[in-house]
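Participant: Just so it is clear, I am handing over coords02.pdb, which has PDB, C-alpha atoms, pLDDT in the B column.
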ATOM      1  CA  MET G  73       8.874  11.735  -3.279  1.00 37.00           C
ATOM      2  CA  ALA G  74      11.824  10.873  -1.048  1.00 43.00           C
ATOM      3  CA  SER G  75      14.547   8.554  -2.228  1.00 43.00           C
ATOM      4  CA  ALA G  76      17.500   6.578  -0.961  1.00 45.00           C
ATOM      5  CA  GLU G  77      19.858   4.450  -2.995  1.00 45.00           C
ATOM      6  CA  ILE G  78      20.708   1.030  -1.654  1.00 45.00           C
ATOM      7  CA  GLU G  79      24.180   1.221  -3.080  1.00 47.00           C
ATOM      8  CA  ASN G  80      27.132   2.526  -1.213  1.00 44.00           C
ATOM      9  CA  SER G  81      30.722   3.307  -1.756  1.00 49.00           C
ATOM     10  CA  GLY G  82      30.893   5.099   1.585  1.00 60.00           C
ATOM     11  CA  LYS G  83      28.930   4.360   4.707  1.00 65.00           C
ATOM     12  CA  PRO G  84      25.356   5.669   4.394  1.00 69.00           C
ATOM     13  CA  GLU G  85      23.321   6.259   7.509  1.00 81.00           C
ATOM     14  CA  PHE G  86      21.289   3.213   8.530  1.00 86.00           C
ATOM     15  CA  SER G  87      19.257   2.540  11.649  1.00 91.00           C
ATOM     16  CA  TRP G  88      16.528   0.159  12.646  1.00 94.00           C
ATOM     17  CA  GLY G  89      13.156   1.456  13.830  1.00 95.00           C
ATOM     18  CA  LYS G  90      10.858  -0.036  16.442  1.00 94.00           C
ATOM     19  CA  LYS G  91      11.290  -3.755  17.089  1.00 95.00           C
ATOM     20  CA  ARG G  92       8.282  -5.849  16.162  1.00 94.00           C
ATOM     21  CA  GLY G  93       9.148  -9.320  17.480  1.00 94.00           C
ATOM     22  CA  VAL G  94      11.483 -12.287  17.182  1.00 95.00           C
ATOM     23  CA  GLY G  95      11.271 -15.517  15.237  1.00 93.00           C
ATOM     24  CA  GLY G  96      13.163 -18.539  14.024  1.00 86.00           C
ATOM     25  CA  LYS G  97      13.798 -21.848  15.774  1.00 87.00           C
ATOM     26  CA  LYS G  98      16.163 -20.251  18.272  1.00 86.00           C
ATOM     27  CA  LYS G  99      14.480 -16.821  18.256  1.00 92.00           C
ATOM     28  CA  GLU G 100      17.527 -15.551  16.347  1.00 93.00           C
ATOM     29  CA  VAL G 101      15.597 -13.412  13.829  1.00 96.00           C
ATOM     30  CA  GLN G 102      14.604  -9.866  14.833  1.00 97.00           C
ATOM     31  CA  PHE G 103      11.643  -8.300  13.014  1.00 97.00           C
ATOM     32  CA  TYR G 104      11.181  -4.537  12.701  1.00 97.00           C
ATOM     33  CA  GLU G 105       8.402  -2.077  11.875  1.00 97.00           C
ATOM     34  CA  SER G 106      10.749   0.295  10.044  1.00 95.00           C
ATOM     35  CA  PHE G 107      14.275   1.314   9.144  1.00 93.00           C
ATOM     36  CA  THR G 108      15.937   4.577   8.149  1.00 91.00           C
ATOM     37  CA  TYR G 109      18.380   4.627   5.271  1.00 83.00           C
ATOM     38  CA  ASP G 110      20.260   7.766   4.280  1.00 81.00           C
ATOM     39  CA  GLY G 111      17.774   9.957   6.139  1.00 85.00           C
ATOM     40  CA  VAL G 112      14.623   8.348   4.671  1.00 88.00           C
ATOM     41  CA  GLU G 113      12.366   6.275   6.903  1.00 92.00           C
ATOM     42  CA  TYR G 114      10.769   3.177   5.348  1.00 93.00           C
ATOM     43  CA  VAL G 115       7.857   1.687   7.277  1.00 95.00           C
ATOM     44  CA  LEU G 116       6.233  -1.725   7.061  1.00 96.00           C
ATOM     45  CA  TYR G 117       3.563  -1.716   4.298  1.00 95.00           C
ATOM     46  CA  ASP G 118       5.075   1.289   2.490  1.00 94.00           C
ATOM     47  CA  CYS G 119       4.975   1.050  -1.294  1.00 93.00           C
ATOM     48  CA  VAL G 120       8.316   1.565  -3.029  1.00 90.00           C
ATOM     49  CA  TYR G 121       9.957   1.581  -6.431  1.00 87.00           C
ATOM     50  CA  MET G 122      12.861  -0.838  -6.847  1.00 83.00           C
ATOM     51  CA  GLN G 123      15.162  -0.106  -9.760  1.00 78.00           C
ATOM     52  CA  ASN G 124      17.952  -2.261 -11.106  1.00 73.00           C
ATOM     53  CA  LYS G 125      20.646   0.312 -11.813  1.00 71.00           C
ATOM     54  CA  ASP G 126      22.216  -1.915 -14.483  1.00 73.00           C
ATOM     55  CA  ARG G 127      19.036  -1.912 -16.600  1.00 73.00           C
ATOM     56  CA  GLN G 128      17.019   0.919 -18.103  1.00 72.00           C
ATOM     57  CA  ALA G 129      13.671  -0.844 -17.609  1.00 78.00           C
ATOM     58  CA  GLU G 130      10.803   0.689 -15.674  1.00 84.00           C
ATOM     59  CA  PRO G 131      11.190   0.263 -11.925  1.00 86.00           C
ATOM     60  CA  TYR G 132       9.391  -2.548 -10.167  1.00 87.00           C
ATOM     61  CA  ILE G 133       6.727  -1.475  -7.692  1.00 91.00           C
ATOM     62  CA  GLY G 134       6.293  -3.353  -4.449  1.00 92.00           C
ATOM     63  CA  LYS G 135       4.949  -3.226  -0.936  1.00 93.00           C
ATOM     64  CA  LEU G 136       7.209  -3.887   2.073  1.00 94.00           C
ATOM     65  CA  VAL G 137       5.480  -6.717   3.949  1.00 94.00           C
ATOM     66  CA  LYS G 138       8.315  -7.910   6.208  1.00 94.00           C
ATOM     67  CA  ILE G 139      11.519  -6.289   7.506  1.00 95.00           C
ATOM     68  CA  TRP G 140      14.085  -8.262   9.516  1.00 96.00           C
ATOM     69  CA  LYS G 141      17.658  -8.950  10.556  1.00 95.00           C
ATOM     70  CA  ASN G 142      19.076 -12.486  10.661  1.00 94.00           C
ATOM     71  CA  SER G 143      21.497 -13.830  13.257  1.00 93.00           C
ATOM     72  CA  ASP G 144      24.386 -13.155  10.831  1.00 93.00           C
ATOM     73  CA  ASN G 145      23.287  -9.456  10.813  1.00 91.00           C
ATOM     74  CA  SER G 146      22.090  -9.634   7.184  1.00 91.00           C
ATOM     75  CA  LYS G 147      19.230  -7.217   6.593  1.00 92.00           C
ATOM     76  CA  LYS G 148      16.241  -8.476   4.575  1.00 93.00           C
ATOM     77  CA  ILE G 149      12.919  -7.251   3.244  1.00 92.00           C
ATOM     78  CA  LYS G 150      10.033  -9.229   1.818  1.00 92.00           C
ATOM     79  CA  VAL G 151       8.316  -7.440  -1.041  1.00 92.00           C
ATOM     80  CA  GLN G 152       4.849  -8.145  -2.435  1.00 92.00           C
ATOM     81  CA  TRP G 153       4.758  -7.015  -6.051  1.00 92.00           C
ATOM     82  CA  PHE G 154       2.389  -4.906  -8.101  1.00 92.00           C
ATOM     83  CA  PHE G 155       1.942  -5.753 -11.776  1.00 90.00           C
ATOM     84  CA  ARG G 156       1.362  -3.453 -14.728  1.00 90.00           C
ATOM     85  CA  PRO G 157      -1.329  -4.502 -17.245  1.00 90.00           C
ATOM     86  CA  SER G 158       1.373  -5.255 -19.833  1.00 87.00           C
ATOM     87  CA  GLU G 159       2.924  -7.798 -17.430  1.00 85.00           C
ATOM     88  CA  ILE G 160      -0.311  -9.742 -16.930  1.00 86.00           C
ATOM     89  CA  SER G 161      -2.107  -9.122 -20.232  1.00 86.00           C
ATOM     90  CA  TYR G 162      -2.689 -12.863 -20.790  1.00 84.00           C
ATOM     91  CA  TRP G 163      -4.658 -13.145 -17.537  1.00 82.00           C
ATOM     92  CA  LEU G 164      -6.556  -9.906 -18.100  1.00 86.00           C
ATOM     93  CA  GLU G 165      -7.651 -11.056 -21.575  1.00 85.00           C
ATOM     94  CA  LYS G 166      -8.687 -14.428 -20.181  1.00 86.00           C
ATOM     95  CA  LEU G 167     -10.898 -12.643 -17.622  1.00 84.00           C
ATOM     96  CA  SER G 168     -12.147 -10.112 -20.205  1.00 87.00           C
ATOM     97  CA  VAL G 169     -10.760  -7.262 -18.118  1.00 84.00           C
ATOM     98  CA  VAL G 170      -9.895  -4.007 -19.832  1.00 85.00           C
ATOM     99  CA  ALA G 171      -7.231  -2.169 -17.859  1.00 85.00           C
ATOM    100  CA  SER G 172      -5.941   1.344 -18.187  1.00 85.00           C
ATOM    101  CA  GLU G 173      -2.259   1.661 -19.046  1.00 84.00           C
ATOM    102  CA  ASN G 174      -1.526   3.338 -15.689  1.00 86.00           C
ATOM    103  CA  GLU G 175      -3.389   0.809 -13.514  1.00 90.00           C
ATOM    104  CA  LEU G 176      -1.547  -1.440 -11.083  1.00 91.00           C
ATOM    105  CA  PHE G 177      -2.616  -4.828  -9.732  1.00 86.00           C
ATOM    106  CA  LEU G 178      -1.395  -6.046  -6.340  1.00 88.00           C
ATOM    107  CA  ALA G 179      -0.273  -9.668  -6.415  1.00 88.00           C
ATOM    108  CA  SER G 180      -2.086 -11.922  -3.988  1.00 84.00           C
ATOM    109  CA  GLY G 181      -0.950 -15.138  -2.418  1.00 73.00           C
ATOM    110  CA  ASP G 182       2.552 -16.485  -1.925  1.00 70.00           C
ATOM    111  CA  GLY G 183       3.269 -18.132  -5.267  1.00 74.00           C
ATOM    112  CA  LYS G 184       6.445 -17.748  -7.287  1.00 78.00           C
ATOM    113  CA  GLY G 185       6.863 -14.194  -8.527  1.00 79.00           C
ATOM    114  CA  LEU G 186       4.136 -12.712  -6.309  1.00 84.00           C
ATOM    115  CA  ALA G 187       6.407 -11.915  -3.373  1.00 86.00           C
ATOM    116  CA  ASN G 188      10.060 -12.524  -2.646  1.00 83.00           C
ATOM    117  CA  VAL G 189      12.852 -11.819  -0.173  1.00 85.00           C
ATOM    118  CA  ASN G 190      15.494  -9.254  -1.090  1.00 81.00           C
ATOM    119  CA  PRO G 191      18.676  -8.156   0.650  1.00 82.00           C
ATOM    120  CA  LEU G 192      18.231  -4.700   2.114  1.00 77.00           C
ATOM    121  CA  VAL G 193      21.702  -3.710   0.919  1.00 65.00           C
ATOM    122  CA  SER G 194      22.379  -4.403  -2.746  1.00 55.00           C
ATOM    123  CA  LYS G 195      24.885  -3.037  -5.230  1.00 45.00           C
ATOM    124  CA  VAL G 196      22.390  -2.994  -8.098  1.00 40.00           C
ATOM    125  CA  ALA G 197      19.132  -1.807  -6.577  1.00 51.00           C
ATOM    126  CA  ALA G 198      17.722   1.553  -5.625  1.00 58.00           C
ATOM    127  CA  LEU G 199      14.799   1.875  -3.232  1.00 64.00           C
ATOM    128  CA  LEU G 200      12.528   4.854  -3.794  1.00 62.00           C
ATOM    129  CA  MET G 201       9.590   5.804  -1.597  1.00 59.00           C
ATOM    130  CA  ILE G 202       6.340   6.411  -3.482  1.00 57.00           C
TER     131      ILE G 202
END
Now, as a test, write the supplied structure out as C-alpha cells.
Facilitator:
Amino acid sequence: MASAEIENSGKPEFSWGKKRGVGGKKKEVQFYESFTYDGVEYVLYDCVYMQNKDRQAEPYIGKLVKIWKNSDNSKKIKVQWFFRPSEISYWLEKLSVVASENELFLASGDGKGLANVNPLVSKVAALLMI
C-alpha cells in the first residue's frame, strides 16, 4: 500500500498526469487522467482511503471518478463512495440481505451522499492508495 498525505507544512511534490479534456462554459476547466502527489501516482478510477486526521473514525473508502483543475487553479476530485454494512444496515434489512462485516457496497447514482467533490489539497484529509 502506498500513501500520501494531503496535508502540507512544506511544499510536497505535485504534478498533473495526462490531460483528458476540457469543460465548462468557456472551456476553462482542465480534466486529467491522473496526478502524482508526494511520489505516489493516483489514476482515475483508483480506490482510495480518505481519513479525517482530526477524527479517529475508520477511513472512508472511495473511488476517484473525476480529477480536474478549475480556472482559479484549485484542484478537485470527485469521489464515489463505498459503504460498510453498518452504514446501510437499514437498507440491507429491508432487502433481507445478510452482509459480511468486511463487505463493501459501491454507491450508485448521483444522489446526496453517494458521490461528492473534494478539494485535492486539504488540511484535514489524508489520501491513501488501496
Participant: Return as a PyMOL selection string the set of residues that the PyMOL selection byres ((chain G and resi 139-154) around 10) yields on the displayed structure.
Facilitator: chain G and resi 88+91-96+98-107+114-120+122+132-138+155-157+159+175-182+185-193
Participant: Next, write the just-selected residues to a file, as an mmCIF file, in the frame of the given file, keeping C-alpha atoms as the atom set.
Facilitator:
data_model
loop_
_atom_site.group_PDB
_atom_site.id
_atom_site.type_symbol
_atom_site.label_atom_id
_atom_site.label_comp_id
_atom_site.auth_asym_id
_atom_site.auth_seq_id
_atom_site.Cartn_x
_atom_site.Cartn_y
_atom_site.Cartn_z
ATOM 1 C CA TRP G 88 16.528 0.159 12.646
ATOM 2 C CA LYS G 91 11.290 -3.755 17.089
ATOM 3 C CA ARG G 92 8.282 -5.849 16.162
ATOM 4 C CA GLY G 93 9.148 -9.320 17.480
ATOM 5 C CA VAL G 94 11.483 -12.287 17.182
ATOM 6 C CA GLY G 95 11.271 -15.517 15.237
ATOM 7 C CA GLY G 96 13.163 -18.539 14.024
ATOM 8 C CA LYS G 98 16.163 -20.251 18.272
ATOM 9 C CA LYS G 99 14.480 -16.821 18.256
ATOM 10 C CA GLU G 100 17.527 -15.551 16.347
ATOM 11 C CA VAL G 101 15.597 -13.412 13.829
ATOM 12 C CA GLN G 102 14.604 -9.866 14.833
ATOM 13 C CA PHE G 103 11.643 -8.300 13.014
ATOM 14 C CA TYR G 104 11.181 -4.537 12.701
ATOM 15 C CA GLU G 105 8.402 -2.077 11.875
ATOM 16 C CA SER G 106 10.749 0.295 10.044
ATOM 17 C CA PHE G 107 14.275 1.314 9.144
ATOM 18 C CA TYR G 114 10.769 3.177 5.348
ATOM 19 C CA VAL G 115 7.857 1.687 7.277
ATOM 20 C CA LEU G 116 6.233 -1.725 7.061
ATOM 21 C CA TYR G 117 3.563 -1.716 4.298
ATOM 22 C CA ASP G 118 5.075 1.289 2.490
ATOM 23 C CA CYS G 119 4.975 1.050 -1.294
ATOM 24 C CA VAL G 120 8.316 1.565 -3.029
ATOM 25 C CA MET G 122 12.861 -0.838 -6.847
ATOM 26 C CA TYR G 132 9.391 -2.548 -10.167
ATOM 27 C CA ILE G 133 6.727 -1.475 -7.692
ATOM 28 C CA GLY G 134 6.293 -3.353 -4.449
ATOM 29 C CA LYS G 135 4.949 -3.226 -0.936
ATOM 30 C CA LEU G 136 7.209 -3.887 2.073
ATOM 31 C CA VAL G 137 5.480 -6.717 3.949
ATOM 32 C CA LYS G 138 8.315 -7.910 6.208
ATOM 33 C CA PHE G 155 1.942 -5.753 -11.776
ATOM 34 C CA ARG G 156 1.362 -3.453 -14.728
ATOM 35 C CA PRO G 157 -1.329 -4.502 -17.245
ATOM 36 C CA GLU G 159 2.924 -7.798 -17.430
ATOM 37 C CA GLU G 175 -3.389 0.809 -13.514
ATOM 38 C CA LEU G 176 -1.547 -1.440 -11.083
ATOM 39 C CA PHE G 177 -2.616 -4.828 -9.732
ATOM 40 C CA LEU G 178 -1.395 -6.046 -6.340
ATOM 41 C CA ALA G 179 -0.273 -9.668 -6.415
ATOM 42 C CA SER G 180 -2.086 -11.922 -3.988
ATOM 43 C CA GLY G 181 -0.950 -15.138 -2.418
ATOM 44 C CA ASP G 182 2.552 -16.485 -1.925
ATOM 45 C CA GLY G 185 6.863 -14.194 -8.527
ATOM 46 C CA LEU G 186 4.136 -12.712 -6.309
ATOM 47 C CA ALA G 187 6.407 -11.915 -3.373
ATOM 48 C CA ASN G 188 10.060 -12.524 -2.646
ATOM 49 C CA VAL G 189 12.852 -11.819 -0.173
ATOM 50 C CA ASN G 190 15.494 -9.254 -1.090
ATOM 51 C CA PRO G 191 18.676 -8.156 0.650
ATOM 52 C CA LEU G 192 18.231 -4.700 2.114
ATOM 53 C CA VAL G 193 21.702 -3.710 0.919
#
Participant: Quick one: axis-aligned box around all listed atoms of region 115-124 of chain G, 4 Å on every side, centre and edge lengths in Å to one decimal, written as AutoDock Vina command-line options.
Facilitator:
--center_x 10.8 --center_y -0.3 --center_z -1.9 --size_x 22.4 --size_y 11.9 --size_z 26.4
Participant: Just give me the gap between CA of Gly183 (chain G) and CA of Arg127 (chain G) in Å, one decimal is fine.
Facilitator: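 Interatomic distance here is 25.3 Å.
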Participant: Kindly give the distance, in Å, that separates CA of Glu173 (chain G) and CA of Tyr121 (chain G), rounded to a single decimal.
Facilitator: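 These atoms are spaced 17.6 Å apart.
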Participant: One decimal, in Å: what's the spacing between CA of Ile160 (chain G) and CA of Lys184 (chain G)?
Facilitator: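 Straight-line distance from CA of Ile160 (chain G) to CA of Lys184 (chain G) works out to 14.2 Å.
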